[in-house]
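Since the structure comes first, as structure tokens, the remarks are kept for the end.
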Amino acid sequence: MDRTALEKEYASLPFSDNFIFTHVMENLKIAAKVIKLILSEELPDIFDTHIEKVVETSVGVHGVRYDVYVRTPSGGVIYNIEMQQLDRKNLPKRMRYYQATGDTSFLQKNTDYNALPKYYTVFICKYDPFGHGLALYQFQNYDTVNHIPLGDDTYKVVLNVNGRTDRKELQSFMDYVRDGIVSDNTTREIDEEVHQIRQSSILMKDYIDMKVHDDEMKNEGRAEGRAEGRLELLKKAVASLKSSMSIEAIVKMFEISELERKMLAI
């Protein structure tokens, strides 16, 4: 997609687009309202919020990039908030890994386990991941026989914006995420922030650069895939023909380059 087309695309991005969502949530006032709407929890007046926070616990281990990472001043509560548009059929395991990675990055050497914060992993989904038609799914660890909470202070919450709730303000928020319907002060405030972000030439450039880079990486990946596929076919061809043909004849037949010869060790 060329830059002109990307400019047009950017001008109409909804709140549910990850780029727009993360930048809207940089507004501390809006972040606090969204958390209160979903969790019915008040945030303190001062807190830290980070967008697209990257956590890598060690080399070679799958890293995590959080959409929105909110931390209270004391560090006693963490809110990881994600916008999820597509059903990739991995949400429960993904939530498990996000919370575990967050704990690993938080707990320093020789630190007592009790220093771990209360941790909320919240996914706002444009689909129903569990198929029960509920607006809000709330999970925590507990004894499955006696229903005693484990008390590990970890909570996993999924907001299905296609569901229905009798909580009027939350329903308005869900309608806005799903269809862009502005119906109260909170959604109006979010929508105004969305429009400001769309009008930012700096953020538009960031978005376009990101999309162009992503396209380049995909193209490189496809090219590498084709090269790897050809190399695998050449390996099989050499193995099956070398007993009846000379290497030079095989090279000529398949137009094998010098680089490919080195990679095939022939």
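For the structure tokens, the naming scheme is as follows: chains receive sequential letters (A, B, ...) according to their order of presentation, residues are indexed from 1 within each chain, and ligands are indexed from 1 in presentation order.
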Next on the checklist: Residues near Val182 in chain A, anyone? I mean within 8 Å using only C-alpha atoms, not counting same-chain ones fewer than 3 positions away, as an MDAnalysis selection string.
Outcome noted: chainID A and resid 172 176 187:188 191
Item to check | Val161 in chain A surroundings by only C-alpha atoms, 8 Å radius, close-in-sequence under 3 positions cut, as a ChimeraX atom specification | outcome: /A:124-128,135,164,174-175,177-178
Checklist entry - Between A:Thr165, A:Ser240, A:Gln196, A:Ser183, which one has atoms that come closest to Leu13 in chain A, using only C-alpha atoms? => result A:Gln196
Next on the checklist: Neighbouring residues of range 45-54 of chain A were defined as those with any atom within 10 Å, considering only C-alpha atoms; residues of the same chain fewer than 5 positions away were excluded. Please report them as a ChimeraX atom specification.
Outcome noted: /A:18-19,21-29,31-32,63-75,78-82
Keeping C-alpha atoms, export the residues of the selection given above as a JSON list (two decimals), in the first residue's frame.
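Written file, out.json:
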```json
[["chain", "number", "residue", "atom", "x", "y", "z"],
["A", 18, "ASN", "CA", -4.35, -0.88, 18.21],
["A", 19, "PHE", "CA", -2.37, 2.19, 17.15],
["A", 21, "PHE", "CA", -6.18, 2.67, 21.15],
["A", 22, "THR", "CA", -2.69, 2.79, 22.65],
["A", 23, "HIS", "CA", -2.28, 6.51, 21.97],
["A", 24, "VAL", "CA", -5.72, 7.35, 23.35],
["A", 25, "MET", "CA", -4.83, 5.45, 26.51],
["A", 26, "GLU", "CA", -1.77, 7.66, 26.99],
["A", 27, "ASN", "CA", -4.31, 10.19, 28.20],
["A", 28, "LEU", "CA", -4.26, 9.36, 31.92],
["A", 29, "LYS", "CA", -7.78, 10.65, 32.50],
["A", 31, "ALA", "CA", -7.10, 5.39, 30.94],
["A", 32, "ALA", "CA", -8.47, 5.79, 34.47],
["A", 63, "GLY", "CA", 8.85, -11.64, 24.35],
["A", 64, "VAL", "CA", 5.65, -9.71, 25.06],
["A", 65, "ARG", "CA", 4.51, -6.29, 23.91],
["A", 66, "TYR", "CA", 1.73, -4.93, 26.09],
["A", 67, "ASP", "CA", -0.70, -2.48, 24.44],
["A", 68, "VAL", "CA", -1.23, -0.50, 27.65],
["A", 69, "TYR", "CA", 0.61, -1.06, 30.93],
["A", 70, "VAL", "CA", -0.64, 0.90, 33.93],
["A", 71, "ARG", "CA", 1.09, 0.90, 37.30],
["A", 72, "THR", "CA", -0.01, 2.57, 40.53],
["A", 73, "PRO", "CA", 2.57, 4.81, 42.29],
["A", 74, "SER", "CA", 3.47, 2.22, 44.92],
["A", 75, "GLY", "CA", 3.71, -0.51, 42.29],
["A", 78, "ILE", "CA", -0.60, -3.51, 37.61],
["A", 79, "TYR", "CA", -3.19, -3.23, 34.84],
["A", 80, "ASN", "CA", -2.30, -4.70, 31.45],
["A", 81, "ILE", "CA", -4.99, -3.69, 28.96],
["A", 82, "GLU", "CA", -5.14, -5.14, 25.44]]
```
Checklist entry - Tell me, which residues of range 69-151 of chain A carry DSSP alpha helix (DSSP H), written as a ChimeraX atom specification? => result /A:91-106
Next on the checklist: Taking the DSSP secondary structure from the backbone, can you list the residues of range 30-221 of chain A that are strand (DSSP E), as an MDAnalysis selection string?
Outcome noted: chainID A and resid 48:55 64:71 77:84 118:125 136:139 154:160
Next on the checklist: Please determine, counting only C-alpha atoms, which residue among A:Val251, A:Val194, A:Leu241, A:Leu233 has the shortest atom-to-atom distance to Ile20 in chain A.
Outcome noted: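 Smallest distance to Ile20 in chain A is found for A:Val194.
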Item to check | Exercise: range 1-12 of chain A partners within 7 Å, only C-alpha atoms, chain neighbours under 4 positions left out, as a list in words | outcome: Arg198, Met204 and Ile208 of chain A
Item to check | Spatial neighbours of Lys168 in chain A, max dist 10 Å, only C-alpha atoms, sep filter under 5 positions, as a PyMOL selection string | outcome: chain A and resi 37+173-174+184
Next on the checklist: Here is a test: counting only C-alpha atoms, which residue of A:Ala249, A:Met83, A:Met263, A:Met210 is nearest to Arg230 in chain A?
Outcome noted: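 Of the candidates, the smallest distance to Arg230 in chain A is held by A:Met263.
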Return as a Markdown table the residues of range 143-250 of chain A lying at most 12 Å from range 103-114 of chain A, together with the closest atom-to-atom pair for each and the distance in Å to one decimal, counting only C-alpha atoms, with rows in chain order and ascending residue number.
```
| residue | atom | partner | partner_atom | distance |
| --- | --- | --- | --- | --- |
| A:Gly151 | CA | A:Asn114 | CA | 11.2 |
| A:Asp152 | CA | A:Asn114 | CA | 9.3 |
| A:Asp153 | CA | A:Asn114 | CA | 10.2 |
| A:Thr154 | CA | A:Asp103 | CA | 10.0 |
```
Quick one: write out the picked residues with N, CA and C atoms as a tab-separated table (two decimals), in the first residue's frame?
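Saved to again-v9.tsv:
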```
chain	number	residue	atom	x	y	z
A	151	GLY	N	-5.78	-16.63	46.36
A	151	GLY	CA	-5.22	-15.42	46.97
A	151	GLY	C	-3.90	-14.99	46.36
A	152	ASP	N	-3.68	-15.32	45.08
A	152	ASP	CA	-2.42	-14.93	44.44
A	152	ASP	C	-2.50	-13.55	43.80
A	153	ASP	N	-3.65	-12.88	43.94
A	153	ASP	CA	-3.85	-11.52	43.43
A	153	ASP	C	-3.65	-11.40	41.92
A	154	THR	N	-4.02	-12.44	41.17
A	154	THR	CA	-4.00	-12.33	39.71
A	154	THR	C	-5.43	-12.46	39.18
```
Item to check | Computed interatomic separation between CA of Phe139 in chain A and CA of Ala100 in chain A (Å) | outcome: 15.1 Å
